[in-house]
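> What follows is structure.pdb, PDB, C-alpha atoms.
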ATOM      1  CA  MET A   1     -22.253  82.453  31.319
ATOM      2  CA  PRO A   2     -19.840  79.454  31.051
ATOM      3  CA  GLU A   3     -18.582  78.426  27.663
ATOM      4  CA  PRO A   4     -19.877  75.068  26.318
ATOM      5  CA  THR A   5     -17.398  72.308  26.730
ATOM      6  CA  GLU A   6     -16.193  70.352  23.758
ATOM      7  CA  PRO A   7     -17.310  66.727  23.570
ATOM      8  CA  PHE A   8     -14.686  64.430  24.972
ATOM      9  CA  GLU A   9     -13.168  61.764  22.767
ATOM     10  CA  GLU A  10     -13.350  58.247  24.235
ATOM     11  CA  GLY A  11      -9.622  57.920  24.782
ATOM     12  CA  ARG A  12      -9.322  61.424  26.317
ATOM     13  CA  ALA A  13     -12.270  60.783  28.611
ATOM     14  CA  ILE A  14     -10.780  57.571  29.920
ATOM     15  CA  ALA A  15      -7.369  59.148  30.339
ATOM     16  CA  ALA A  16      -8.859  61.993  32.351
ATOM     17  CA  THR A  17     -10.501  59.770  34.924
ATOM     18  CA  GLY A  18      -7.279  58.945  36.718
ATOM     19  CA  ALA A  19      -6.605  55.509  38.167
ATOM     20  CA  GLY A  20     -10.065  54.187  37.292
ATOM     21  CA  GLY A  21      -9.654  55.298  33.707
ATOM     22  CA  ALA A  22      -6.316  53.535  33.467
ATOM     23  CA  THR A  23      -8.002  50.342  34.635
ATOM     24  CA  ASP A  24     -10.720  50.698  31.997
ATOM     25  CA  LEU A  25      -8.080  51.320  29.327
ATOM     26  CA  ALA A  26      -6.206  48.138  30.289
ATOM     27  CA  MET A  27      -9.430  46.129  30.224
ATOM     28  CA  GLU A  28     -10.350  47.527  26.806
ATOM     29  CA  GLU A  29      -6.889  46.734  25.434
ATOM     30  CA  GLY A  30      -7.099  43.180  26.764
ATOM     31  CA  GLU A  31     -10.458  42.666  25.091
ATOM     32  CA  SER A  32      -9.101  43.944  21.793
ATOM     33  CA  LEU A  33      -6.189  41.520  22.037
ATOM     34  CA  GLU A  34      -8.548  38.630  22.705
ATOM     35  CA  LYS A  35     -10.559  39.532  19.607
ATOM     36  CA  THR A  36      -7.455  39.798  17.451
ATOM     37  CA  PRO A  37      -7.016  36.703  15.232
ATOM     38  CA  GLY A  38      -3.991  34.737  16.219
ATOM     39  CA  GLY A  39      -4.011  35.662  19.919
ATOM     40  CA  PRO A  40      -1.909  38.247  21.748
ATOM     41  CA  ARG A  41       1.247  39.565  20.146
ATOM     42  CA  GLY A  42       0.490  37.645  16.932
ATOM     43  CA  THR A  43       1.457  34.315  18.361
ATOM     44  CA  GLY A  44      -1.083  32.548  16.151
ATOM     45  CA  PRO A  45      -3.528  29.798  17.084
ATOM     46  CA  GLU A  46      -2.139  26.804  18.845
ATOM     47  CA  LYS A  47      -1.646  23.817  16.514
ATOM     48  CA  LYS A  48      -2.525  20.346  17.646
ATOM     49  CA  PRO A  49       0.307  17.824  17.346
ATOM     50  CA  ARG A  50      -0.054  15.645  14.270
ATOM     51  CA  SER A  51      -0.317  11.881  14.557
ATOM     52  CA  LEU A  52       1.993   9.373  12.897
ATOM     53  CA  TRP A  53      -0.483   8.841  10.072
ATOM     54  CA  SER A  54      -1.011  12.537   9.368
ATOM     55  CA  ASP A  55       2.768  13.058   9.401
ATOM     56  CA  ALA A  56       3.189  10.123   7.025
ATOM     57  CA  TRP A  57       0.552  11.438   4.627
ATOM     58  CA  HIS A  58       2.146  14.894   4.791
ATOM     59  CA  ASP A  59       5.496  13.409   3.767
ATOM     60  CA  LEU A  60       4.059  11.087   1.114
ATOM     61  CA  ARG A  61       2.305  13.925  -0.701
ATOM     62  CA  ARG A  62       5.679  15.622  -1.155
ATOM     63  CA  ASN A  63       7.599  12.499  -2.160
ATOM     64  CA  PRO A  64       8.014  12.251  -5.964
ATOM     65  CA  VAL A  65       8.710   8.507  -5.693
ATOM     66  CA  PHE A  66       5.321   7.980  -4.062
ATOM     67  CA  ILE A  67       3.534  10.161  -6.605
ATOM     68  CA  ILE A  68       5.094   8.471  -9.638
ATOM     69  CA  SER A  69       4.625   4.926  -8.342
ATOM     70  CA  GLY A  70       1.084   5.727  -7.213
ATOM     71  CA  LEU A  71       0.129   7.036 -10.651
ATOM     72  CA  VAL A  72       1.607   3.960 -12.346
ATOM     73  CA  ILE A  73      -0.265   1.633  -9.975
ATOM     74  CA  LEU A  74      -3.491   3.574 -10.445
ATOM     75  CA  PHE A  75      -3.133   3.224 -14.226
ATOM     76  CA  LEU A  76      -2.475  -0.512 -13.899
ATOM     77  CA  VAL A  77      -5.511  -1.000 -11.665
ATOM     78  CA  VAL A  78      -7.723   0.921 -14.087
ATOM     79  CA  ILE A  79      -6.663  -1.118 -17.122
ATOM     80  CA  ALA A  80      -6.946  -4.313 -15.075
ATOM     81  CA  ILE A  81     -10.596  -3.484 -14.385
ATOM     82  CA  TRP A  82     -11.409  -1.974 -17.787
ATOM     83  CA  PRO A  83      -8.807  -3.165 -20.309
ATOM     84  CA  SER A  84     -11.128  -2.228 -23.172
ATOM     85  CA  LEU A  85     -10.390   1.445 -22.435
ATOM     86  CA  ILE A  86      -7.067   1.208 -24.270
ATOM     87  CA  ALA A  87      -7.330  -2.153 -26.080
ATOM     88  CA  SER A  88     -10.284  -2.789 -28.347
ATOM     89  CA  GLY A  89      -9.258  -6.235 -29.585
ATOM     90  CA  ASP A  90      -9.731  -9.742 -28.198
ATOM     91  CA  PRO A  91      -6.630 -11.298 -26.585
ATOM     92  CA  LEU A  92      -7.765 -14.764 -27.737
ATOM     93  CA  ASP A  93      -8.385 -13.700 -31.354
ATOM     94  CA  CYS A  94      -5.372 -15.128 -33.216
ATOM     95  CA  ASP A  95      -4.374 -15.478 -36.877
ATOM     96  CA  LEU A  96      -1.602 -17.997 -37.585
ATOM     97  CA  SER A  97      -0.790 -16.286 -40.863
ATOM     98  CA  LYS A  98       0.587 -13.330 -38.836
ATOM     99  CA  ALA A  99       2.604 -15.393 -36.368
ATOM    100  CA  GLN A 100       5.790 -13.680 -35.123
ATOM    101  CA  GLU A 101       5.253 -10.641 -37.344
ATOM    102  CA  GLY A 102       6.470  -7.289 -36.066
ATOM    103  CA  SER A 103       4.748  -3.980 -35.574
ATOM    104  CA  GLN A 104       1.978  -3.064 -38.008
ATOM    105  CA  PRO A 105      -0.634  -0.282 -38.214
ATOM    106  CA  GLY A 106      -3.162  -1.001 -35.481
ATOM    107  CA  HIS A 107      -0.843  -3.579 -33.888
ATOM    108  CA  PRO A 108       2.061  -1.591 -32.388
ATOM    109  CA  PHE A 109       3.585  -4.544 -30.486
ATOM    110  CA  GLY A 110       3.324  -7.069 -33.327
ATOM    111  CA  PHE A 111       2.068 -10.655 -33.008
ATOM    112  CA  ASN A 112       3.131 -13.675 -30.965
ATOM    113  CA  GLY A 113       3.820 -17.224 -32.075
ATOM    114  CA  GLN A 114       0.099 -18.003 -32.371
ATOM    115  CA  GLY A 115      -0.694 -14.850 -34.302
ATOM    116  CA  CYS A 116      -2.295 -13.069 -31.326
ATOM    117  CA  ASP A 117      -1.898  -9.332 -30.895
ATOM    118  CA  VAL A 118       0.885  -8.764 -28.338
ATOM    119  CA  TYR A 119      -0.417  -5.325 -27.368
ATOM    120  CA  THR A 120      -3.885  -6.625 -26.514
ATOM    121  CA  ARG A 121      -2.506  -9.561 -24.551
ATOM    122  CA  THR A 122      -0.112  -7.298 -22.662
ATOM    123  CA  VAL A 123      -2.974  -5.014 -21.624
ATOM    124  CA  TYR A 124      -5.273  -7.877 -20.620
ATOM    125  CA  GLY A 125      -2.433  -9.633 -18.806
ATOM    126  CA  ALA A 126      -2.468  -6.902 -16.149
ATOM    127  CA  ARG A 127      -5.798  -8.207 -14.841
ATOM    128  CA  ALA A 128      -4.519 -11.599 -13.692
ATOM    129  CA  SER A 129      -1.297 -10.206 -12.249
ATOM    130  CA  ILE A 130      -2.967  -7.403 -10.284
ATOM    131  CA  GLN A 131      -5.708  -9.744  -9.082
ATOM    132  CA  VAL A 132      -3.218 -12.319  -7.816
ATOM    133  CA  GLY A 133      -1.036  -9.686  -6.174
ATOM    134  CA  LEU A 134      -3.869  -7.867  -4.394
ATOM    135  CA  PHE A 135      -5.766 -10.901  -3.100
ATOM    136  CA  ALA A 136      -2.619 -12.779  -2.113
ATOM    137  CA  THR A 137      -1.342  -9.754  -0.186
ATOM    138  CA  LEU A 138      -4.719  -9.267   1.481
ATOM    139  CA  GLY A 139      -4.926 -12.914   2.554
ATOM    140  CA  VAL A 140      -1.334 -13.051   3.756
ATOM    141  CA  THR A 141      -1.695  -9.804   5.709
ATOM    142  CA  LEU A 142      -4.924 -10.782   7.447
ATOM    143  CA  LEU A 143      -3.837 -14.306   8.360
ATOM    144  CA  GLY A 144      -0.314 -13.375   9.386
ATOM    145  CA  SER A 145      -1.382 -10.297  11.364
ATOM    146  CA  VAL A 146      -4.049 -12.136  13.347
ATOM    147  CA  LEU A 147      -1.862 -15.128  14.210
ATOM    148  CA  GLY A 148       1.267 -13.102  14.911
ATOM    149  CA  GLY A 149      -0.582 -10.400  16.854
ATOM    150  CA  LEU A 150      -2.302 -12.912  19.128
ATOM    151  CA  ALA A 151       0.965 -14.764  19.706
ATOM    152  CA  GLY A 152       2.791 -11.555  20.584
ATOM    153  CA  PHE A 153       0.033 -10.358  22.922
ATOM    154  CA  PHE A 154      -0.665 -13.556  24.869
ATOM    155  CA  GLY A 155       2.779 -15.190  24.610
ATOM    156  CA  GLY A 156       3.318 -18.462  26.410
ATOM    157  CA  ALA A 157       2.605 -21.784  24.724
ATOM    158  CA  TRP A 158       0.714 -20.144  21.841
ATOM    159  CA  ASP A 159       3.726 -18.012  21.006
ATOM    160  CA  GLY A 160       6.077 -21.007  21.145
ATOM    161  CA  LEU A 161       3.806 -23.121  18.949
ATOM    162  CA  LEU A 162       3.476 -20.387  16.321
ATOM    163  CA  SER A 163       7.247 -19.862  16.274
ATOM    164  CA  ARG A 164       7.882 -23.544  15.558
ATOM    165  CA  VAL A 165       5.198 -23.635  12.842
ATOM    166  CA  THR A 166       6.653 -20.580  11.109
ATOM    167  CA  ASP A 167      10.103 -22.194  11.210
ATOM    168  CA  ILE A 168       8.683 -25.186   9.335
ATOM    169  CA  PHE A 169       7.136 -22.981   6.656
ATOM    170  CA  PHE A 170      10.318 -20.932   6.281
ATOM    171  CA  ALA A 171      12.163 -24.173   5.534
ATOM    172  CA  ILE A 172       9.983 -24.847   2.449
ATOM    173  CA  PRO A 173      11.441 -23.365  -0.780
ATOM    174  CA  VAL A 174       8.743 -21.260  -2.416
ATOM    175  CA  ILE A 175       9.404 -22.290  -6.022
ATOM    176  CA  LEU A 176       9.784 -25.951  -5.129
ATOM    177  CA  GLY A 177       6.616 -25.815  -3.042
ATOM    178  CA  GLY A 178       4.755 -24.270  -5.966
ATOM    179  CA  LEU A 179       5.980 -26.941  -8.354
ATOM    180  CA  VAL A 180       4.813 -29.682  -5.996
ATOM    181  CA  LEU A 181       1.499 -28.239  -4.819
ATOM    182  CA  LEU A 182       0.255 -26.564  -7.993
ATOM    183  CA  SER A 183       1.271 -29.370 -10.360
ATOM    184  CA  VAL A 184      -1.674 -31.467  -9.121
ATOM    185  CA  VAL A 185      -4.218 -28.644  -9.572
ATOM    186  CA  SER A 186      -6.219 -28.622 -12.792
ATOM    187  CA  ASN A 187      -8.194 -25.441 -12.046
ATOM    188  CA  ASN A 188      -7.450 -22.681 -14.573
ATOM    189  CA  THR A 189      -8.507 -19.796 -12.321
ATOM    190  CA  VAL A 190      -6.279 -17.574 -10.198
ATOM    191  CA  TRP A 191      -7.530 -18.902  -6.851
ATOM    192  CA  PRO A 192      -5.229 -21.932  -6.515
ATOM    193  CA  VAL A 193      -2.224 -19.654  -7.069
ATOM    194  CA  ILE A 194      -3.573 -17.154  -4.528
ATOM    195  CA  GLY A 195      -4.186 -19.933  -2.006
ATOM    196  CA  PHE A 196      -0.650 -21.235  -2.441
ATOM    197  CA  MET A 197       0.834 -17.780  -1.858
ATOM    198  CA  VAL A 198      -1.243 -17.261   1.271
ATOM    199  CA  LEU A 199      -0.248 -20.700   2.569
ATOM    200  CA  LEU A 200       3.485 -20.035   2.247
ATOM    201  CA  GLY A 201       3.494 -16.248   2.695
ATOM    202  CA  TRP A 202       1.811 -15.666   6.052
ATOM    203  CA  PRO A 203       4.812 -16.614   8.287
ATOM    204  CA  GLN A 204       6.777 -13.514   7.245
ATOM    205  CA  ILE A 205       3.938 -11.133   8.135
ATOM    206  CA  SER A 206       3.301 -13.151  11.295
ATOM    207  CA  ARG A 207       6.852 -12.618  12.550
ATOM    208  CA  ILE A 208       6.655  -8.872  11.895
ATOM    209  CA  ALA A 209       3.225  -8.506  13.531
ATOM    210  CA  ARG A 210       4.382 -10.484  16.555
ATOM    211  CA  GLY A 211       7.420  -8.262  17.084
ATOM    212  CA  SER A 212       5.393  -5.068  16.653
ATOM    213  CA  VAL A 213       2.770  -6.183  19.167
ATOM    214  CA  ILE A 214       5.414  -7.206  21.721
ATOM    215  CA  THR A 215       7.007  -3.770  21.404
ATOM    216  CA  ALA A 216       3.688  -1.898  21.588
ATOM    217  CA  LYS A 217       2.288  -3.738  24.612
ATOM    218  CA  GLN A 218       5.292  -2.661  26.701
ATOM    219  CA  ASN A 219       4.453   1.039  26.321
ATOM    220  CA  ASP A 220       3.161   3.014  29.283
ATOM    221  CA  TYR A 221      -0.259   3.751  27.828
ATOM    222  CA  VAL A 222      -0.955   0.024  27.430
ATOM    223  CA  GLN A 223       0.134  -0.654  30.997
ATOM    224  CA  ALA A 224      -2.090   2.184  32.180
ATOM    225  CA  ALA A 225      -5.059   0.768  30.285
ATOM    226  CA  ARG A 226      -4.407  -2.630  31.818
ATOM    227  CA  ALA A 227      -4.225  -1.104  35.315
ATOM    228  CA  LEU A 228      -7.559   0.635  34.728
ATOM    229  CA  GLY A 229      -9.166  -2.714  33.991
ATOM    230  CA  ALA A 230      -9.362  -2.593  30.180
ATOM    231  CA  SER A 231     -10.204  -5.928  28.575
ATOM    232  CA  ASN A 232      -7.796  -7.757  26.278
ATOM    233  CA  SER A 233      -9.940  -7.048  23.230
ATOM    234  CA  ARG A 234     -10.066  -3.328  24.016
ATOM    235  CA  MET A 235      -6.300  -3.117  24.508
ATOM    236  CA  LEU A 236      -5.691  -4.984  21.261
ATOM    237  CA  LEU A 237      -8.120  -2.966  19.151
ATOM    238  CA  ARG A 238      -7.800   0.497  20.698
ATOM    239  CA  HIS A 239      -4.238   0.746  21.972
ATOM    240  CA  ILE A 240      -1.949  -1.878  20.417
ATOM    241  CA  THR A 241      -3.173  -2.419  16.840
ATOM    242  CA  PRO A 242      -3.070   1.266  15.727
ATOM    243  CA  ASN A 243       0.522   1.519  16.987
ATOM    244  CA  ALA A 244       1.738  -1.844  15.670
ATOM    245  CA  VAL A 245       0.244  -1.926  12.185
ATOM    246  CA  ALA A 246       2.733   0.390  10.429
ATOM    247  CA  PRO A 247       5.523  -2.217   9.890
ATOM    248  CA  VAL A 248       2.950  -4.707   8.602
ATOM    249  CA  ILE A 249       1.666  -2.211   6.023
ATOM    250  CA  VAL A 250       5.186  -1.480   4.795
ATOM    251  CA  VAL A 251       6.116  -5.142   4.347
ATOM    252  CA  ALA A 252       2.770  -5.981   2.737
ATOM    253  CA  THR A 253       3.138  -3.165   0.195
ATOM    254  CA  ILE A 254       6.572  -4.356  -0.865
ATOM    255  CA  ALA A 255       5.455  -8.005  -0.854
ATOM    256  CA  LEU A 256       2.642  -7.234  -3.304
ATOM    257  CA  GLY A 257       5.139  -6.707  -6.096
ATOM    258  CA  THR A 258       6.934  -9.884  -5.046
ATOM    259  CA  TYR A 259       3.725 -11.904  -5.358
ATOM    260  CA  ILE A 260       3.136 -10.562  -8.864
ATOM    261  CA  ALA A 261       6.647 -11.651  -9.846
ATOM    262  CA  LEU A 262       6.074 -15.048  -8.178
ATOM    263  CA  GLU A 263       2.880 -15.581 -10.163
ATOM    264  CA  ALA A 264       4.713 -14.835 -13.403
ATOM    265  CA  THR A 265       7.510 -17.236 -12.401
ATOM    266  CA  LEU A 266       5.092 -20.061 -11.619
ATOM    267  CA  SER A 267       3.174 -19.428 -14.844
ATOM    268  CA  PHE A 268       6.458 -19.427 -16.772
ATOM    269  CA  LEU A 269       7.255 -22.840 -15.279
ATOM    270  CA  GLY A 270       3.837 -24.137 -16.290
ATOM    271  CA  VAL A 271       2.330 -24.653 -12.817
ATOM    272  CA  GLY A 272       0.772 -21.245 -12.232
ATOM    273  CA  LEU A 273      -1.954 -19.788 -14.411
ATOM    274  CA  LYS A 274      -2.801 -21.821 -17.472
ATOM    275  CA  PRO A 275      -4.342 -20.966 -20.853
ATOM    276  CA  PRO A 276      -6.817 -19.642 -21.812
ATOM    277  CA  THR A 277      -6.069 -17.257 -18.926
ATOM    278  CA  VAL A 278      -4.080 -14.288 -20.209
ATOM    279  CA  SER A 279      -0.973 -13.744 -18.101
ATOM    280  CA  TRP A 280       2.381 -12.075 -18.553
ATOM    281  CA  GLY A 281       4.107 -15.189 -17.266
ATOM    282  CA  ILE A 282       2.377 -17.363 -19.875
ATOM    283  CA  ASP A 283       3.304 -14.960 -22.671
ATOM    284  CA  ILE A 284       6.920 -14.787 -21.496
ATOM    285  CA  SER A 285       7.083 -18.567 -21.402
ATOM    286  CA  SER A 286       5.668 -18.939 -24.921
ATOM    287  CA  ALA A 287       7.956 -16.199 -26.303
ATOM    288  CA  SER A 288      11.242 -17.401 -24.779
ATOM    289  CA  PRO A 289      12.030 -19.973 -27.556
ATOM    290  CA  TYR A 290      11.692 -17.211 -30.193
ATOM    291  CA  VAL A 291      13.731 -14.512 -28.466
ATOM    292  CA  ARG A 292      16.277 -14.358 -31.315
ATOM    293  CA  ASN A 293      13.835 -14.351 -34.241
ATOM    294  CA  ALA A 294      11.016 -12.302 -32.666
ATOM    295  CA  PRO A 295      12.300 -10.428 -29.592
ATOM    296  CA  HIS A 296       9.204  -8.212 -29.499
ATOM    297  CA  MET A 297       7.173 -11.183 -28.248
ATOM    298  CA  LEU A 298       9.280 -11.250 -25.083
ATOM    299  CA  LEU A 299      10.041  -7.544 -24.707
ATOM    300  CA  TRP A 300       6.574  -6.146 -24.048
ATOM    301  CA  PRO A 301       5.157  -8.574 -21.472
ATOM    302  CA  SER A 302       8.528  -8.634 -19.686
ATOM    303  CA  GLY A 303       8.645  -4.842 -19.632
ATOM    304  CA  ALA A 304       5.089  -4.610 -18.293
ATOM    305  CA  LEU A 305       5.921  -7.097 -15.555
ATOM    306  CA  ALA A 306       9.124  -5.265 -14.590
ATOM    307  CA  ILE A 307       7.387  -1.871 -14.446
ATOM    308  CA  THR A 308       4.563  -3.263 -12.289
ATOM    309  CA  VAL A 309       6.874  -4.941  -9.795
ATOM    310  CA  LEU A 310       9.125  -1.884  -9.635
ATOM    311  CA  ALA A 311       6.149   0.430  -9.019
ATOM    312  CA  PHE A 312       4.966  -1.575  -6.016
ATOM    313  CA  ILE A 313       8.477  -1.844  -4.575
ATOM    314  CA  MET A 314       8.983   1.918  -4.946
ATOM    315  CA  LEU A 315       5.617   2.513  -3.294
ATOM    316  CA  GLY A 316       6.609   0.276  -0.398
ATOM    317  CA  ASP A 317       9.916   2.107   0.006
ATOM    318  CA  ALA A 318       8.127   5.466   0.095
ATOM    319  CA  VAL A 319       5.633   4.216   2.675
ATOM    320  CA  ARG A 320       8.465   2.798   4.779
ATOM    321  CA  ASP A 321      10.338   6.117   4.750
ATOM    322  CA  ALA A 322       7.164   7.965   5.787
ATOM    323  CA  LEU A 323       6.139   5.596   8.595
ATOM    324  CA  ASP A 324       9.564   4.966  10.131
ATOM    325  CA  PRO A 325      10.281   7.700  12.713
ATOM    326  CA  LYS A 326      13.990   6.797  12.677
ATOM    327  CA  LEU A 327      14.259   8.027   9.072
ATOM    328  CA  ARG A 328      12.821  11.470   9.765
TER     329      ARG A 328
END
Translate this structure into structure tokens?

Amino acid sequence: MPEPTEPFEEGRAIAATGAGGATDLAMEEGESLEKTPGGPRGTGPEKKPRSLWSDAWHDLRRNPVFIISGLVILFLVVIAIWPSLIASGDPLDCDLSKAQEGSQPGHPFGFNGQGCDVYTRTVYGARASIQVGLFATLGVTLLGSVLGGLAGFFGGAWDGLLSRVTDIFFAIPVILGGLVLLSVVSNNTVWPVIGFMVLLGWPQISRIARGSVITAKQNDYVQAARALGASNSRMLLRHITPNAVAPVIVVATIALGTYIALEATLSFLGVGLKPPTVSWGIDISSASPYVRNAPHMLLWPSGALAITVLAFIMLGDAVRDALDPKLR
């Protein structure tokens, strides 16, 4: 009577079947490789190439200059919206008996020439400066980008006309133009100052947008879209604008700090913001005659202005380094 055979193991059974078993073994091994995470031989999943914006964000997150300047700007924006978070007083509440006095308990920055708390006015002064800088930059960027982009895309007579108009605006000195235009304005709000900055600031962004669009529309993918019958609006919005907007963003970010400094300069000269608006430029102007007797009146608003402008310039430099492929 034959002896009972031992049960075959799966590998031994396949190996014993000859050529067919070898085929089954290869198929089983291939399936196991397909199920293995990372693909065969541990090559790992294929990674999609990152875009310019994802590369820029990847670099910015690791740039200490961007992180520090971003935190400073975030703090300034927060106190511009809610200054009462760190200053409980009223910037217009003044006591002449305390005029030009130094630091006291509850008043760390002392008092100005009218007896107003310098700390409270410094905190509330961020609102006007940030508001002017943001809205002026937004207006300049939109107007300059639209005009310059259209001129660069269509060219011809429109491009020539815009070039001559920008030359005229570049010939106007900014400070002198502010003294002439804003001296006849009696409005105490920030909007006349913002309008003046937009009026004289758009040519710079326009030139940059025009050059970026001219460069982008010569690329092969734009020519292919044109050959396939894409409309002008589709080429502008889908193909040219995403690839031409990076230089505009860089210049606009740096220019924001410049507009804040320009507002303070115009307010210092008496043609920008006017009392009762609280502004660093106004406080610097009122403190300059007393710089020897009460330097604290000038130190704090000037320091706040310098830190704000520096933060935006550093942010613009970090964005430029991240968006410029030549610096990688």
> So which residues get picked by the PyMOL selection byres ((chain A and resi 310-325) around 9) here, written as a PyMOL selection string?
chain A and resi 52-53+55-60+63+65-70+72-73+246-247+249-258+305-309+326-328
> What lies within 6 Å of A:Gly113 using only C-alpha atoms, ignoring chain neighbours under 2 positions off, as an mmCIF file with C-alpha atoms, in the coordinates of the input?

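selection23.cif was written with the following content:
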data_model
loop_
_atom_site.group_PDB
_atom_site.id
_atom_site.type_symbol
_atom_site.label_atom_id
_atom_site.label_comp_id
_atom_site.auth_asym_id
_atom_site.auth_seq_id
_atom_site.Cartn_x
_atom_site.Cartn_y
_atom_site.Cartn_z
ATOM 1 C CA ALA A 99 2.604 -15.393 -36.368
ATOM 2 C CA GLN A 100 5.790 -13.680 -35.123
ATOM 3 C CA GLY A 115 -0.694 -14.850 -34.302
#
> Figure out the distance between atom CA of A:Asn219 and atom CA of A:His239, please, to one decimal in Å.
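That distance, rounded to one decimal, is 9.7 Å.
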> So what do you get for atom CA of A:Gly139 versus atom CA of A:Val123, distance-wise?
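Computing it gives 25.5 Å between the two atoms.
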> Can you list what the PyMOL selection byres ((chain A and resi 181) around 12) grabs from this structure, as JSON, numbers by chain?
{"A": [172, 173, 174, 175, 176, 177, 178, 179, 180, 182, 183, 184, 185, 186, 192, 193, 195, 196, 197, 199, 200, 266, 271, 272]}
> How would the residues just picked look written out with C-alpha atoms as a PDB file, in the frame of the given file?

ATOM      1  CA  ILE A 172       9.983 -24.847   2.449  1.00  0.00           C
ATOM      2  CA  PRO A 173      11.441 -23.365  -0.780  1.00  0.00           C
ATOM      3  CA  VAL A 174       8.743 -21.260  -2.416  1.00  0.00           C
ATOM      4  CA  ILE A 175       9.404 -22.290  -6.022  1.00  0.00           C
ATOM      5  CA  LEU A 176       9.784 -25.951  -5.129  1.00  0.00           C
ATOM      6  CA  GLY A 177       6.616 -25.815  -3.042  1.00  0.00           C
ATOM      7  CA  GLY A 178       4.755 -24.270  -5.966  1.00  0.00           C
ATOM      8  CA  LEU A 179       5.980 -26.941  -8.354  1.00  0.00           C
ATOM      9  CA  VAL A 180       4.813 -29.682  -5.996  1.00  0.00           C
ATOM     10  CA  LEU A 182       0.255 -26.564  -7.993  1.00  0.00           C
ATOM     11  CA  SER A 183       1.271 -29.370 -10.360  1.00  0.00           C
ATOM     12  CA  VAL A 184      -1.674 -31.467  -9.121  1.00  0.00           C
ATOM     13  CA  VAL A 185      -4.218 -28.644  -9.572  1.00  0.00           C
ATOM     14  CA  SER A 186      -6.219 -28.622 -12.792  1.00  0.00           C
ATOM     15  CA  PRO A 192      -5.229 -21.932  -6.515  1.00  0.00           C
ATOM     16  CA  VAL A 193      -2.224 -19.654  -7.069  1.00  0.00           C
ATOM     17  CA  GLY A 195      -4.186 -19.933  -2.006  1.00  0.00           C
ATOM     18  CA  PHE A 196      -0.650 -21.235  -2.441  1.00  0.00           C
ATOM     19  CA  MET A 197       0.834 -17.780  -1.858  1.00  0.00           C
ATOM     20  CA  LEU A 199      -0.248 -20.700   2.569  1.00  0.00           C
ATOM     21  CA  LEU A 200       3.485 -20.035   2.247  1.00  0.00           C
ATOM     22  CA  LEU A 266       5.092 -20.061 -11.619  1.00  0.00           C
ATOM     23  CA  VAL A 271       2.330 -24.653 -12.817  1.00  0.00           C
ATOM     24  CA  GLY A 272       0.772 -21.245 -12.232  1.00  0.00           C
TER      25      GLY A 272
END
> Find the distance between atom CA of A:Pro295 and atom CA of A:Ser97 and write it in Å to one decimal.
18.2 Å
> Got a sec to resolve the PyMOL selection byres ((chain A and resi 81) around 10) on this structure and send the residues as a short mmCIF file (atom, residue, chain, number, x, y, z; two decimals) with C-alpha atoms, in the frame of the given file?

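Result file result-v5.cif:
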data_model
loop_
_atom_site.label_atom_id
_atom_site.label_comp_id
_atom_site.auth_asym_id
_atom_site.auth_seq_id
_atom_site.Cartn_x
_atom_site.Cartn_y
_atom_site.Cartn_z
CA LEU A 76 -2.48 -0.51 -13.90
CA VAL A 77 -5.51 -1.00 -11.66
CA VAL A 78 -7.72 0.92 -14.09
CA ILE A 79 -6.66 -1.12 -17.12
CA ALA A 80 -6.95 -4.31 -15.08
CA TRP A 82 -11.41 -1.97 -17.79
CA PRO A 83 -8.81 -3.16 -20.31
CA SER A 84 -11.13 -2.23 -23.17
CA LEU A 85 -10.39 1.44 -22.44
CA TYR A 124 -5.27 -7.88 -20.62
CA ALA A 126 -2.47 -6.90 -16.15
CA ARG A 127 -5.80 -8.21 -14.84
CA ILE A 130 -2.97 -7.40 -10.28
CA GLN A 131 -5.71 -9.74 -9.08
#
> Under the rule that only C-alpha atoms are counted, which of A:Gly201, A:Val190, A:Val213, A:Ile260 is the nearest residue to A:Leu237?
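Checking each candidate against A:Leu237, we get A:Val213 as the closest.
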> Write out as a JSON list (two decimals) with C-alpha atoms, in the coordinates of the input which residues come within 9 Å of A:Trp280 when counting all atoms listed in the file, dropping same-chain ones fewer than 2 positions away.

[["chain", "number", "residue", "atom", "x", "y", "z"],
["A", 121, "ARG", "CA", -2.51, -9.56, -24.55],
["A", 122, "THR", "CA", -0.11, -7.30, -22.66],
["A", 124, "TYR", "CA", -5.27, -7.88, -20.62],
["A", 125, "GLY", "CA", -2.43, -9.63, -18.81],
["A", 126, "ALA", "CA", -2.47, -6.90, -16.15],
["A", 128, "ALA", "CA", -4.52, -11.60, -13.69],
["A", 129, "SER", "CA", -1.30, -10.21, -12.25],
["A", 264, "ALA", "CA", 4.71, -14.84, -13.40],
["A", 267, "SER", "CA", 3.17, -19.43, -14.84],
["A", 268, "PHE", "CA", 6.46, -19.43, -16.77],
["A", 278, "VAL", "CA", -4.08, -14.29, -20.21],
["A", 282, "ILE", "CA", 2.38, -17.36, -19.88],
["A", 283, "ASP", "CA", 3.30, -14.96, -22.67],
["A", 284, "ILE", "CA", 6.92, -14.79, -21.50],
["A", 285, "SER", "CA", 7.08, -18.57, -21.40],
["A", 301, "PRO", "CA", 5.16, -8.57, -21.47],
["A", 302, "SER", "CA", 8.53, -8.63, -19.69],
["A", 304, "ALA", "CA", 5.09, -4.61, -18.29],
["A", 305, "LEU", "CA", 5.92, -7.10, -15.56]]
> Between A:Ser88, A:Ser54, A:Gln104, A:Ser279, which residue has the minimum interatomic distance to A:Thr120, considering all atoms listed in the file?
A:Ser88
> When you look at A:Gly152 with a cut-off of 9 Å (counting only C-alpha atoms), what residues show up, excluding the ones that are within fewer than 4 positions of it in the same chain? I need them as number ranges by chain.
A: 147-148, 158-159, 209-215, 217
> Which residue out of A:Leu150, A:Ala230, A:Leu143, A:Leu269 has the minimum interatomic distance to A:Gln204 when only C-alpha atoms are used?
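With only C-alpha atoms as the atom set, the closest residue is A:Leu143.
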